[in-house]
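Chemist: query29.pdb is reproduced below (PDB, C-alpha atoms and all ligand atoms).
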```pdb
ATOM      1  CA  MET L   1       6.108  -0.687 -24.376
ATOM      2  CA  ILE L   2       3.200  -2.648 -22.955
ATOM      3  CA  GLU L   3       4.146  -5.615 -25.163
ATOM      4  CA  GLU L   4       7.638  -5.518 -23.714
ATOM      5  CA  ALA L   5       6.246  -5.396 -20.163
ATOM      6  CA  ALA L   6       3.905  -8.321 -20.884
ATOM      7  CA  LYS L   7       6.810 -10.350 -22.248
ATOM      8  CA  ILE L   8       8.950  -9.656 -19.159
ATOM      9  CA  ILE L   9       6.073 -10.621 -16.856
ATOM     10  CA  ALA L  10       5.199 -13.765 -18.811
ATOM     11  CA  HIS L  11       8.849 -14.884 -18.669
ATOM     12  CA  SER L  12       9.341 -13.941 -15.011
ATOM     13  CA  ARG L  13      10.473 -16.522 -12.501
ATOM     14  CA  PHE L  14       9.554 -14.588  -9.342
ATOM     15  CA  LEU L  15       7.420 -11.491  -9.894
ATOM     16  CA  ILE L  16       6.590  -9.143  -7.029
ATOM     17  CA  ALA L  17       4.488  -5.985  -7.024
ATOM     18  CA  PHE L  18       5.261  -2.832  -5.051
ATOM     19  CA  THR L  19       2.279  -0.540  -4.670
ATOM     20  CA  GLY L  20       1.453   2.931  -3.377
ATOM     21  CA  ALA L  21      -1.505   5.246  -3.038
ATOM     22  CA  GLY L  22      -1.941   5.565  -6.836
ATOM     23  CA  VAL L  23      -3.140   1.957  -7.076
ATOM     24  CA  SER L  24      -6.160   2.922  -4.960
ATOM     25  CA  ALA L  25      -6.786   6.324  -6.572
ATOM     26  CA  GLU L  26      -9.441   4.922  -8.916
ATOM     27  CA  SER L  27     -11.191   3.451  -5.861
ATOM     28  CA  GLY L  28     -11.726   7.015  -4.673
ATOM     29  CA  ILE L  29      -8.989   7.108  -2.039
ATOM     30  CA  PRO L  30      -6.915  10.294  -2.153
ATOM     31  CA  THR L  31      -3.164  10.024  -2.680
ATOM     32  CA  PHE L  32      -0.690  12.024  -0.575
ATOM     33  CA  ARG L  33       1.400  14.147  -2.907
ATOM     34  CA  GLY L  34       0.473  16.291  -5.875
ATOM     35  CA  ARG L  35      -2.746  18.084  -6.656
ATOM     36  CA  GLY L  36      -5.635  17.049  -4.403
ATOM     37  CA  GLY L  37      -3.283  14.932  -2.271
ATOM     38  CA  LEU L  38      -3.772  14.681   1.495
ATOM     39  CA  TRP L  39      -0.538  16.525   2.247
ATOM     40  CA  GLU L  40      -1.955  19.582   0.474
ATOM     41  CA  ASN L  41      -4.591  20.002   3.201
ATOM     42  CA  TYR L  42      -2.936  18.411   6.220
ATOM     43  CA  ARG L  43       0.503  18.911   7.692
ATOM     44  CA  ILE L  44       2.474  15.728   8.353
ATOM     45  CA  GLU L  45       3.828  17.191  11.623
ATOM     46  CA  GLU L  46       0.266  17.779  12.851
ATOM     47  CA  VAL L  47      -1.359  14.435  12.009
ATOM     48  CA  ALA L  48       1.195  11.758  11.215
ATOM     49  CA  THR L  49       3.991  11.739  13.796
ATOM     50  CA  PRO L  50       4.268  10.324  17.341
ATOM     51  CA  GLU L  51       4.798  13.901  18.612
ATOM     52  CA  ALA L  52       1.552  15.021  16.950
ATOM     53  CA  PHE L  53      -0.326  12.199  18.688
ATOM     54  CA  ARG L  54       1.136  13.122  22.066
ATOM     55  CA  ARG L  55       0.304  16.788  21.525
ATOM     56  CA  ASP L  56      -3.200  16.423  20.130
ATOM     57  CA  PRO L  57      -4.596  12.872  19.943
ATOM     58  CA  ASN L  58      -8.039  14.231  19.059
ATOM     59  CA  LEU L  59      -6.719  15.863  15.892
ATOM     60  CA  VAL L  60      -4.766  12.759  14.864
ATOM     61  CA  TRP L  61      -7.726  10.458  15.515
ATOM     62  CA  ALA L  62     -10.009  12.797  13.555
ATOM     63  CA  PHE L  63      -7.605  12.503  10.599
ATOM     64  CA  TYR L  64      -7.522   8.680  10.760
ATOM     65  CA  LYS L  65     -11.275   8.326  11.323
ATOM     66  CA  MET L  66     -11.859  10.554   8.285
ATOM     67  CA  ARG L  67      -9.616   8.219   6.263
ATOM     68  CA  MET L  68     -11.259   5.086   7.733
ATOM     69  CA  LYS L  69     -14.643   6.378   6.558
ATOM     70  CA  ILE L  70     -13.378   6.879   3.009
ATOM     71  CA  MET L  71     -11.586   3.534   2.924
ATOM     72  CA  LYS L  72     -14.433   1.443   4.328
ATOM     73  CA  ASP L  73     -16.686   2.533   1.440
ATOM     74  CA  ALA L  74     -14.018   1.983  -1.229
ATOM     75  CA  LYS L  75     -13.946  -1.119  -3.420
ATOM     76  CA  PRO L  76     -10.952  -2.685  -5.157
ATOM     77  CA  ASN L  77     -10.518  -1.340  -8.697
ATOM     78  CA  ASN L  78      -9.199  -3.121 -11.793
ATOM     79  CA  ALA L  79      -5.586  -2.634 -10.735
ATOM     80  CA  HIS L  80      -6.158  -4.535  -7.467
ATOM     81  CA  LEU L  81      -8.204  -7.178  -9.281
ATOM     82  CA  VAL L  82      -5.529  -7.745 -11.932
ATOM     83  CA  LEU L  83      -2.879  -8.180  -9.223
ATOM     84  CA  ALA L  84      -5.124 -10.753  -7.542
ATOM     85  CA  GLU L  85      -5.578 -12.586 -10.829
ATOM     86  CA  LEU L  86      -1.841 -12.577 -11.554
ATOM     87  CA  GLU L  87      -1.345 -14.228  -8.144
ATOM     88  CA  LYS L  88      -4.037 -16.822  -8.886
ATOM     89  CA  MET L  89      -2.330 -17.563 -12.207
ATOM     90  CA  GLY L  90       0.824 -18.410 -10.226
ATOM     91  CA  ILE L  91       2.795 -15.521 -11.750
ATOM     92  CA  LEU L  92       2.751 -12.917  -8.977
ATOM     93  CA  ARG L  93       4.379 -14.137  -5.761
ATOM     94  CA  ALA L  94       3.613 -11.239  -3.421
ATOM     95  CA  VAL L  95       2.330  -7.691  -3.172
ATOM     96  CA  ILE L  96       4.408  -5.370  -1.028
ATOM     97  CA  THR L  97       2.299  -2.332  -0.277
ATOM     98  CA  GLN L  98       2.692   1.034   1.415
ATOM     99  CA  ASN L  99      -1.095   1.309   1.577
ATOM    100  CA  ILE L 100      -3.129   0.801   4.713
ATOM    101  CA  ASP L 101      -6.521   0.455   2.990
ATOM    102  CA  ASN L 102      -6.870  -3.363   2.926
ATOM    103  CA  LEU L 103      -7.915  -3.316  -0.752
ATOM    104  CA  HIS L 104      -5.332  -5.868  -1.937
ATOM    105  CA  LYS L 105      -6.755  -8.331   0.591
ATOM    106  CA  GLU L 106     -10.302  -7.499  -0.454
ATOM    107  CA  ALA L 107      -9.350  -8.067  -4.094
ATOM    108  CA  GLY L 108      -8.184 -11.589  -3.230
ATOM    109  CA  ASN L 109      -4.388 -11.446  -2.945
ATOM    110  CA  GLN L 110      -3.118 -13.872  -0.307
ATOM    111  CA  HIS L 111       0.531 -12.905  -0.118
ATOM    112  CA  ILE L 112       0.602  -9.296   1.022
ATOM    113  CA  VAL L 113       3.242  -7.441   2.975
ATOM    114  CA  GLU L 114       1.940  -4.245   4.559
ATOM    115  CA  LEU L 115       4.883  -1.962   5.218
ATOM    116  CA  HIS L 116       2.960   0.951   6.710
ATOM    117  CA  GLY L 117       0.341  -0.902   8.752
ATOM    118  CA  ASP L 118      -3.409  -1.340   8.462
ATOM    119  CA  ILE L 119      -5.942   1.407   9.125
ATOM    120  CA  TYR L 120      -8.483  -1.010  10.600
ATOM    121  CA  ARG L 121      -6.108  -2.209  13.320
ATOM    122  CA  VAL L 122      -5.815  -0.318  16.585
ATOM    123  CA  LYS L 123      -3.268  -0.951  19.306
ATOM    124  CA  CYS L 124      -2.728   0.159  22.878
ATOM    125  CA  THR L 125      -0.120   2.827  23.535
ATOM    126  CA  ARG L 126       0.831   1.003  26.737
ATOM    127  CA  CYS L 127       0.090  -2.755  26.782
ATOM    128  CA  ASP L 128       0.039  -5.438  24.039
ATOM    129  CA  TYR L 129      -3.664  -5.057  23.243
ATOM    130  CA  MET L 130      -4.445  -5.024  19.542
ATOM    131  CA  GLU L 131      -7.744  -5.234  17.707
ATOM    132  CA  ASP L 132      -8.771  -5.591  14.077
ATOM    133  CA  LEU L 133     -11.982  -3.580  13.859
ATOM    134  CA  LEU L 134     -13.108  -5.382  10.705
ATOM    135  CA  GLU L 135     -12.681  -8.791  12.323
ATOM    136  CA  SER L 136     -14.303  -7.782  15.610
ATOM    137  CA  GLY L 137     -17.200  -6.148  13.712
ATOM    138  CA  LYS L 138     -16.807  -2.970  15.776
ATOM    139  CA  LEU L 139     -15.793  -0.533  13.035
ATOM    140  CA  GLU L 140     -19.131   1.303  12.781
ATOM    141  CA  ASP L 141     -19.417   1.787  16.569
ATOM    142  CA  PHE L 142     -15.783   2.865  16.705
ATOM    143  CA  LEU L 143     -16.397   5.523  14.059
ATOM    144  CA  LYS L 144     -19.493   6.844  15.847
ATOM    145  CA  GLU L 145     -17.756   7.202  19.236
ATOM    146  CA  LYS L 146     -16.921  10.826  20.011
ATOM    147  CA  ASN L 147     -14.509  10.173  22.888
ATOM    148  CA  LEU L 148     -10.919   9.088  22.367
ATOM    149  CA  PRO L 149     -10.635   5.284  22.070
ATOM    150  CA  LYS L 150      -9.345   3.539  25.201
ATOM    151  CA  CYS L 151      -7.816   0.120  25.695
ATOM    152  CA  PRO L 152     -10.391  -2.365  27.114
ATOM    153  CA  GLU L 153      -7.593  -4.031  29.087
ATOM    154  CA  CYS L 154      -5.645  -1.177  30.671
ATOM    155  CA  ALA L 155      -7.702   1.943  29.795
ATOM    156  CA  SER L 156      -4.753   3.664  28.107
ATOM    157  CA  LEU L 157      -5.156   5.470  24.823
ATOM    158  CA  LEU L 158      -5.486   3.392  21.651
ATOM    159  CA  ARG L 159      -3.698   4.457  18.483
ATOM    160  CA  PRO L 160      -3.987   3.372  14.853
ATOM    161  CA  ASP L 161      -1.596   0.531  13.956
ATOM    162  CA  VAL L 162       0.041   2.509  11.185
ATOM    163  CA  VAL L 163       3.560   3.804  10.726
ATOM    164  CA  TRP L 164       4.020   7.478  11.439
ATOM    165  CA  PHE L 165       6.877   9.628  10.188
ATOM    166  CA  GLY L 166       9.897   9.140  12.412
ATOM    167  CA  GLU L 167       8.853   5.618  13.434
ATOM    168  CA  PRO L 168      10.521   2.384  12.363
ATOM    169  CA  LEU L 169       8.631   0.091  10.012
ATOM    170  CA  PRO L 170       7.288  -3.186  11.468
ATOM    171  CA  GLN L 171      10.364  -5.411  11.642
ATOM    172  CA  GLU L 172       8.754  -8.618  10.391
ATOM    173  CA  ALA L 173       7.118  -6.955   7.381
ATOM    174  CA  LEU L 174      10.321  -5.138   6.513
ATOM    175  CA  GLN L 175      12.411  -8.316   6.583
ATOM    176  CA  LYS L 176       9.821 -10.199   4.559
ATOM    177  CA  ALA L 177       9.686  -7.418   1.948
ATOM    178  CA  PHE L 178      13.438  -7.307   1.426
ATOM    179  CA  LYS L 179      13.741 -11.094   1.335
ATOM    180  CA  LEU L 180      11.134 -11.110  -1.427
ATOM    181  CA  ALA L 181      12.886  -8.242  -3.215
ATOM    182  CA  GLU L 182      16.187 -10.136  -3.130
ATOM    183  CA  ARG L 183      14.529 -13.208  -4.656
ATOM    184  CA  ALA L 184      12.525 -11.355  -7.289
ATOM    185  CA  ASP L 185      13.600 -11.126 -10.905
ATOM    186  CA  VAL L 186      10.851  -8.627 -11.785
ATOM    187  CA  CYS L 187       9.227  -5.854  -9.755
ATOM    188  CA  LEU L 188       5.990  -4.279 -10.953
ATOM    189  CA  VAL L 189       5.778  -0.853  -9.328
ATOM    190  CA  VAL L 190       2.268   0.606  -9.342
ATOM    191  CA  GLY L 191       1.190   4.091  -8.280
ATOM    192  CA  THR L 192       3.891   5.311  -5.953
ATOM    193  CA  SER L 193       5.934   8.495  -5.967
ATOM    194  CA  ALA L 194       8.696   6.398  -4.324
ATOM    195  CA  GLN L 195       9.703   9.216  -2.025
ATOM    196  CA  VAL L 196       9.333   7.509   1.321
ATOM    197  CA  PHE L 197      12.127   5.253   2.537
ATOM    198  CA  PRO L 198      12.935   2.531   3.456
ATOM    199  CA  ALA L 199       9.837   1.252   1.577
ATOM    200  CA  ALA L 200      10.998   2.741  -1.733
ATOM    201  CA  TYR L 201      14.235   0.706  -1.577
ATOM    202  CA  VAL L 202      12.208  -2.381  -2.600
ATOM    203  CA  PRO L 203      12.414  -1.814  -6.392
ATOM    204  CA  TYR L 204      16.056  -0.671  -6.096
ATOM    205  CA  THR L 205      16.871  -3.976  -4.389
ATOM    206  CA  VAL L 206      15.334  -5.938  -7.247
ATOM    207  CA  LYS L 207      17.252  -3.854  -9.767
ATOM    208  CA  ASP L 208      20.542  -4.148  -7.833
ATOM    209  CA  ASN L 209      20.183  -7.936  -7.936
ATOM    210  CA  GLY L 210      19.901  -7.930 -11.709
ATOM    211  CA  GLY L 211      16.089  -7.905 -11.922
ATOM    212  CA  SER L 212      13.801  -5.786 -14.081
ATOM    213  CA  VAL L 213      11.514  -2.971 -12.980
ATOM    214  CA  ILE L 214       8.223  -2.207 -14.702
ATOM    215  CA  GLU L 215       6.465   0.949 -13.593
ATOM    216  CA  VAL L 216       2.818   1.943 -13.959
ATOM    217  CA  ASN L 217       2.076   5.562 -13.073
ATOM    218  CA  THR L 218       0.226   8.566 -14.429
ATOM    219  CA  LYS L 219       3.511  10.481 -14.244
ATOM    220  CA  GLU L 220       7.237   9.995 -13.644
ATOM    221  CA  SER L 221       8.303   9.107 -10.109
ATOM    222  CA  GLY L 222      11.508   8.538  -8.155
ATOM    223  CA  ILE L 223      11.609   5.035  -9.643
ATOM    224  CA  THR L 224      11.265   6.035 -13.302
ATOM    225  CA  PRO L 225      15.033   6.478 -13.854
ATOM    226  CA  ILE L 226      15.624   2.794 -13.012
ATOM    227  CA  ALA L 227      12.495   1.446 -14.729
ATOM    228  CA  ASP L 228      13.131  -0.886 -17.679
ATOM    229  CA  VAL L 229       9.621  -0.171 -18.898
ATOM    230  CA  PHE L 230       7.502   2.827 -17.911
ATOM    231  CA  LEU L 231       3.781   2.517 -18.613
ATOM    232  CA  ARG L 232       2.083   5.883 -18.353
ATOM    233  CA  GLY L 233      -1.590   5.879 -17.423
ATOM    234  CA  LYS L 234      -4.182   5.109 -14.793
ATOM    235  CA  ALA L 235      -3.370   1.924 -12.936
ATOM    236  CA  GLY L 236      -6.804   0.343 -13.449
ATOM    237  CA  GLU L 237      -6.680   0.822 -17.207
ATOM    238  CA  VAL L 238      -3.011  -0.007 -17.756
ATOM    239  CA  MET L 239      -3.101  -3.120 -15.574
ATOM    240  CA  GLN L 240      -6.187  -4.416 -17.396
ATOM    241  CA  SER L 241      -4.463  -4.079 -20.799
ATOM    242  CA  LEU L 242      -1.302  -5.579 -19.378
ATOM    243  CA  LEU L 243      -3.146  -8.665 -18.139
ATOM    244  CA  VAL L 244      -4.764  -9.205 -21.552
ATOM    245  CA  LYS L 245      -1.329  -9.049 -23.190
ATOM    246  CA  VAL L 246       0.312 -11.336 -20.620
ATOM    247  CA  LYS L 247      -2.430 -13.928 -21.208
ATOM    248  CA  ARG L 248      -2.067 -13.595 -24.991
ATOM    249  CA  TYR L 249       1.677 -13.979 -24.682
ATOM    250  CA  LEU L 250       1.378 -17.117 -22.560
ATOM    251  CA  GLU L 251      -1.184 -18.592 -25.002
ATOM    252  CA  SER L 252       1.042 -17.914 -27.999
ATOM    253  CA  GLU L 253       3.975 -19.623 -26.282
ATOM    254  CA  LYS L 254       1.850 -22.753 -25.678
ATOM    255  CA  CYS L 255       1.284 -23.205 -29.427
TER     256      CYS L 255
HETATM  257  P1  LIG Y 301       2.039   9.455  -3.206
HETATM  258  O1  LIG Y 301       0.818  10.276  -3.029
HETATM  259  O2  LIG Y 301       3.322  10.037  -2.789
HETATM  260  O3  LIG Y 301       2.181   9.046  -4.734
HETATM  261  C1  LIG Y 301       1.109   8.532  -5.454
HETATM  262  C2  LIG Y 301       1.604   8.197  -6.842
HETATM  263  O4  LIG Y 301       0.544   7.608  -7.557
HETATM  264  C3  LIG Y 301       2.106   9.381  -7.654
HETATM  265  O5  LIG Y 301       3.340   9.040  -8.246
HETATM  266  C4  LIG Y 301       1.016   9.591  -8.703
HETATM  267  O6  LIG Y 301       1.536  10.063  -9.936
HETATM  268  C5  LIG Y 301       0.476   8.181  -8.847
HETATM  269  N1  LIG Y 301      -0.917   8.076  -9.286
HETATM  270  C6  LIG Y 301      -1.969   8.860  -8.950
HETATM  271  N2  LIG Y 301      -3.099   8.397  -9.483
HETATM  272  C7  LIG Y 301      -2.768   7.286 -10.181
HETATM  273  C8  LIG Y 301      -3.515   6.345 -10.946
HETATM  274  N3  LIG Y 301      -4.835   6.441 -11.131
HETATM  275  N4  LIG Y 301      -2.835   5.328 -11.518
HETATM  276  C9  LIG Y 301      -1.488   5.220 -11.386
HETATM  277  N5  LIG Y 301      -0.748   6.071 -10.668
HETATM  278  C10 LIG Y 301      -1.380   7.083 -10.069
HETATM  279  O7  LIG Y 301       1.752   8.052  -2.481
HETATM  280  P2  LIG Y 301       2.809   6.934  -2.051
HETATM  281  O8  LIG Y 301       3.928   6.845  -2.990
HETATM  282  O9  LIG Y 301       2.033   5.709  -1.763
HETATM  283  O10 LIG Y 301       3.335   7.066   4.271
HETATM  284  O11 LIG Y 301       3.323   7.539  -0.685
HETATM  285  C11 LIG Y 301       4.208   6.798   0.093
HETATM  286  C12 LIG Y 301       3.952   7.071   1.540
HETATM  287  O12 LIG Y 301       3.944   8.472   1.789
HETATM  288  C13 LIG Y 301       2.614   6.607   2.055
HETATM  289  O13 LIG Y 301       2.573   5.255   2.403
HETATM  290  C14 LIG Y 301       2.410   7.483   3.256
HETATM  291  C15 LIG Y 301       2.805   8.794   2.607
HETATM  292  O14 LIG Y 301       3.126   9.823   3.426
HETATM  293  C16 LIG Y 301       3.045   7.216   5.564
HETATM  294  O15 LIG Y 301       2.028   7.743   5.936
HETATM  295  C17 LIG Y 301       4.108   6.692   6.461
END
```
Would you mind writing the structure in this file as structure tokens?
Modeler:
Amino acid sequence: MIEEAAKIIAHSRFLIAFTGAGVSAESGIPTFRGRGGLWENYRIEEVATPEAFRRDPNLVWAFYKMRMKIMKDAKPNNAHLVLAELEKMGILRAVITQNIDNLHKEAGNQHIVELHGDIYRVKCTRCDYMEDLLESGKLEDFLKEKNLPKCPECASLLRPDVVWFGEPLPQEALQKAFKLAERADVCLVVGTSAQVFPAAYVPYTVKDNGGSVIEVNTKESGITPIADVFLRGKAGEVMQSLLVKVKRYLESEKC
């Protein structure tokens, strides 16, 4: 199986990766669904919708600050690092991610499409103000502040620049993702249950255009039925072995 996946990747013309929470699980970031997932302890309608934010911004901000604290201490794991290396090798053209944890960037990938936003970015609910708390160096102060965050320009409430249920995805990212998916001949799907749309259409688009789908997951997902190769296991471990085999394959073809 893994040999077959390595061969497909080594022969690919335009490989893209589509990632979900499972790619960051080994970095200590909880996933959403399944045992121990965030949606076991929190209700989507209470913390991840525009209505929830209007009703109780304190509760929603508490949820995102809790996640910010976990994410800021997390480091990229082998799965992120392998994806960065595949890009450096000129094989992987882009990572399309549903994650908001910034770990693909930290690992070194340059071509990243974030479909669900970025947890470190905040934006005003009224004007155009936007701030990247990592870039401005204000993350620690932001996390310590007990009051609700307010816009420095118009004093309205700030919100996290993430996509909530019931909201459209950022238009530019969405278009970019589907353009890439239409061009791709192989899609490497890592650690997603593929239950949230439109993001999960990315691998289907590759498949519909005649491309191949390789899936890495600890268990079957919504994508498994269309996967040409399913690699069961932890992303960090599977991706590491896959990289070794891709390199071996490329070496053997040089001879
Ligand atoms: P999910 O929590 O739905 O799925 C995580 C997937 O990762 C599951 O299929 C697990 O089997 C798999 N998994 C867990 N640990 C793994 C590991 N170590 N290695 C490989 N696979 C592993 O997360 P997503 O599919 O990312 O949206 O969820 C999609 C969206 O739903 C999220 O972006 C978020 C969520 O609600 C919004 O908040 C809008």
Chemist: Take the PyMOL selection byres (((chain L and resi 128-133) around 9) and not hetatm), apply it to the structure above, and return the hits as a JSON list (two decimals) with C-alpha atoms, keeping the file's coordinate frame.
Modeler:
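The resulting file, part-v6.json, is shown below:
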```json
[["chain", "number", "residue", "atom", "x", "y", "z"],
["L", 118, "ASP", "CA", -3.41, -1.34, 8.46],
["L", 120, "TYR", "CA", -8.48, -1.01, 10.60],
["L", 121, "ARG", "CA", -6.11, -2.21, 13.32],
["L", 122, "VAL", "CA", -5.82, -0.32, 16.58],
["L", 123, "LYS", "CA", -3.27, -0.95, 19.31],
["L", 124, "CYS", "CA", -2.73, 0.16, 22.88],
["L", 125, "THR", "CA", -0.12, 2.83, 23.54],
["L", 126, "ARG", "CA", 0.83, 1.00, 26.74],
["L", 127, "CYS", "CA", 0.09, -2.76, 26.78],
["L", 134, "LEU", "CA", -13.11, -5.38, 10.70],
["L", 135, "GLU", "CA", -12.68, -8.79, 12.32],
["L", 136, "SER", "CA", -14.30, -7.78, 15.61],
["L", 137, "GLY", "CA", -17.20, -6.15, 13.71],
["L", 138, "LYS", "CA", -16.81, -2.97, 15.78],
["L", 139, "LEU", "CA", -15.79, -0.53, 13.04],
["L", 140, "GLU", "CA", -19.13, 1.30, 12.78],
["L", 142, "PHE", "CA", -15.78, 2.86, 16.70],
["L", 151, "CYS", "CA", -7.82, 0.12, 25.70],
["L", 152, "PRO", "CA", -10.39, -2.37, 27.11],
["L", 153, "GLU", "CA", -7.59, -4.03, 29.09],
["L", 154, "CYS", "CA", -5.64, -1.18, 30.67],
["L", 158, "LEU", "CA", -5.49, 3.39, 21.65],
["L", 161, "ASP", "CA", -1.60, 0.53, 13.96]]
```
Chemist: Record the distance separating atom CA of Trp61 of chain L and atom CA of Phe165 of chain L, expressed in Å with one decimal.
Modeler: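 We find that atom CA of Trp61 of chain L and atom CA of Phe165 of chain L lie 15.6 Å from each other.
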Chemist: Write out, as a tab-separated table, each residue of chain L that has an atom at most 9 Å from ligand LIG 301 (chain Y), together with the closest pair of atoms and their distance in Å to one decimal, counting only C-alpha atoms and all ligand atoms, rows going by chain and rising number.
Modeler:
```
residue	atom	partner	partner_atom	distance
L:Thr19	CA	Y:LIG301	O9	6.9
L:Gly20	CA	Y:LIG301	O9	3.3
L:Ala21	CA	Y:LIG301	O9	3.8
L:Gly22	CA	Y:LIG301	O4	3.3
L:Val23	CA	Y:LIG301	N4	5.6
L:Ser24	CA	Y:LIG301	N3	7.2
L:Ala25	CA	Y:LIG301	N3	5.0
L:Glu26	CA	Y:LIG301	N3	5.3
L:Ser27	CA	Y:LIG301	N3	8.8
L:Pro30	CA	Y:LIG301	O1	7.8
L:Thr31	CA	Y:LIG301	O1	4.0
L:Phe32	CA	Y:LIG301	O1	3.4
L:Arg33	CA	Y:LIG301	O1	3.9
L:Gly34	CA	Y:LIG301	O1	6.7
L:Gly37	CA	Y:LIG301	O1	6.3
L:Leu38	CA	Y:LIG301	O1	7.8
L:Trp39	CA	Y:LIG301	O14	7.7
L:Ile44	CA	Y:LIG301	O14	7.7
L:Ala48	CA	Y:LIG301	O15	6.7
L:Thr49	CA	Y:LIG301	C17	8.9
L:Ala79	CA	Y:LIG301	N4	8.5
L:Thr97	CA	Y:LIG301	O13	8.1
L:Gln98	CA	Y:LIG301	O13	4.3
L:Asn99	CA	Y:LIG301	O13	5.5
L:Ile100	CA	Y:LIG301	O13	7.6
L:Leu115	CA	Y:LIG301	O13	8.1
L:His116	CA	Y:LIG301	C17	5.9
L:Gly117	CA	Y:LIG301	C17	8.8
L:Val162	CA	Y:LIG301	C17	7.5
L:Val163	CA	Y:LIG301	C17	5.2
L:Trp164	CA	Y:LIG301	C17	5.0
L:Phe165	CA	Y:LIG301	C17	5.5
L:Gly166	CA	Y:LIG301	C17	8.7
L:Glu167	CA	Y:LIG301	C17	8.5
L:Leu169	CA	Y:LIG301	C17	8.8
L:Val190	CA	Y:LIG301	C9	6.3
L:Gly191	CA	Y:LIG301	O4	3.6
L:Thr192	CA	Y:LIG301	O8	3.3
L:Ser193	CA	Y:LIG301	O5	3.5
L:Ala194	CA	Y:LIG301	O8	5.0
L:Gln195	CA	Y:LIG301	O8	6.3
L:Val196	CA	Y:LIG301	C11	5.3
L:Phe197	CA	Y:LIG301	C11	8.4
L:Ala199	CA	Y:LIG301	C11	8.0
L:Ala200	CA	Y:LIG301	C11	8.1
L:Val216	CA	Y:LIG301	C9	6.0
L:Asn217	CA	Y:LIG301	N5	3.7
L:Thr218	CA	Y:LIG301	N5	4.6
L:Lys219	CA	Y:LIG301	O6	4.8
L:Glu220	CA	Y:LIG301	O5	6.7
L:Ser221	CA	Y:LIG301	O5	5.3
L:Gly222	CA	Y:LIG301	O5	8.2
L:Arg232	CA	Y:LIG301	C9	7.9
L:Gly233	CA	Y:LIG301	N4	6.1
L:Lys234	CA	Y:LIG301	N4	3.5
L:Ala235	CA	Y:LIG301	N4	3.7
L:Gly236	CA	Y:LIG301	N4	6.7
L:Glu237	CA	Y:LIG301	N4	8.2
L:Val238	CA	Y:LIG301	N4	8.2
```
Chemist: Determine the nearest neighbour of Leu143 of chain L from the options L:Asp56, L:Ile2, L:Arg67, L:Arg35, counting only C-alpha atoms.
Modeler: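 With only C-alpha atoms as the atom set, the closest residue is L:Arg67.
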Chemist: Just the residues within 12 Å of Leu250 of chain L, please, counting all atoms listed in the file, with nothing from its chain fewer than 2 positions along; format it as a list in words.
Modeler: Ala6, Lys7, Ile8, Ile9, Ala10, His11, Ser12, Met89, Ile91, Leu243, Val244, Lys245, Val246, Lys247, Arg248, Ser252, Glu253, Lys254 and Cys255 of chain L
Chemist: Write out as a tab-separated table a residue-level contact list of segment 9-99 of chain L versus segment 103-108 of chain L with cut-off 6 Å: for each qualifying residue the closest pair of atoms and the distance in Å to one decimal, counting all atoms listed in the file, rows sorted by chain and residue number upward.
Modeler:
```
residue	atom	partner	partner_atom	distance
L:Pro76	CA	L:Leu103	CA	5.4
L:His80	CA	L:His104	CA	5.7
L:Leu81	CA	L:Ala107	CA	5.4
L:Ala84	CA	L:Gly108	CA	5.4
```
Chemist: May I ask which of the residues L:Val60, L:Ile96, L:Ala173, L:Leu157 is the closest one to Leu188 of chain L, counting only C-alpha atoms?
Modeler: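 Of the candidates, the smallest distance to Leu188 of chain L is held by L:Ile96.
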Chemist: Smallest atom-to-atom distance to Leu92 of chain L: which of L:Leu180, L:Leu148, L:Ala227, L:Val206, using all atoms listed in the file?
Modeler: L:Leu180
Chemist: What's the separation between atom CA of Cys187 of chain L and atom CA of Lys75 of chain L, in Å to one decimal place?
Modeler: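 Distance between the two atoms: 24.5 Å.
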Chemist: Between atom CA of Lys150 of chain L and atom CA of Asp73 of chain L, what is the distance in Å, rounded to a tenth?
Modeler: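 So the two atoms, atom CA of Lys150 of chain L and atom CA of Asp73 of chain L, lie 24.9 Å apart.
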Chemist: If the PyMOL selection byres (((chain L and resi 14) around 6) and not hetatm) were run on this exact file, what residues would it hold? Put them as a VMD selection string.
Modeler: chain L and resid 12 to 13 15 184 to 185
Chemist: Show me, as a list in words, the residues that have an atom within 9 Å of Ile70 of chain L when counting all atoms listed in the file, minus same-chain residues fewer than 5 positions from it.
Modeler: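 Once the nearby chain positions are removed, what remains is Gly28, Ile29, Pro30 and Lys65 of chain L.
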Chemist: Where's the centre, and what are the edge lengths in Å to one decimal, of a box along x, y and z enclosing all listed atoms of segment 65-79 of chain L padded 3 Å per side, as lines of an AutoDock Vina configuration file?
Modeler:
```
center_x = -11.1
center_y = 3.7
center_z = -0.2
size_x = 17.1
size_y = 19.7
size_z = 29.1
```
Chemist: Go through L:Ala94, L:Val113, L:Val229, L:Ala62 one by one, measure the shortest atom-to-atom distance of each to Gln175 of chain L using all atoms listed in the file, and give the residue with the smallest value.
Modeler: L:Val113
Chemist: Once you count all atoms listed in the file, which residues end up no further than 12 Å from (16.5, 3.7, -10.7) in the file's frame, shown as a VMD selection string?
Modeler: chain L and resid 189 194 200 to 208 211 to 215 220 to 230
Chemist: Pick the closest to Ala52 of chain L from L:Val186, L:Asn109, L:Arg159, L:Leu231: which is it, counting all atoms listed in the file?
Modeler: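 Between L:Val186, L:Asn109, L:Arg159, L:Leu231, the residue approaching Ala52 of chain L most closely is L:Arg159.
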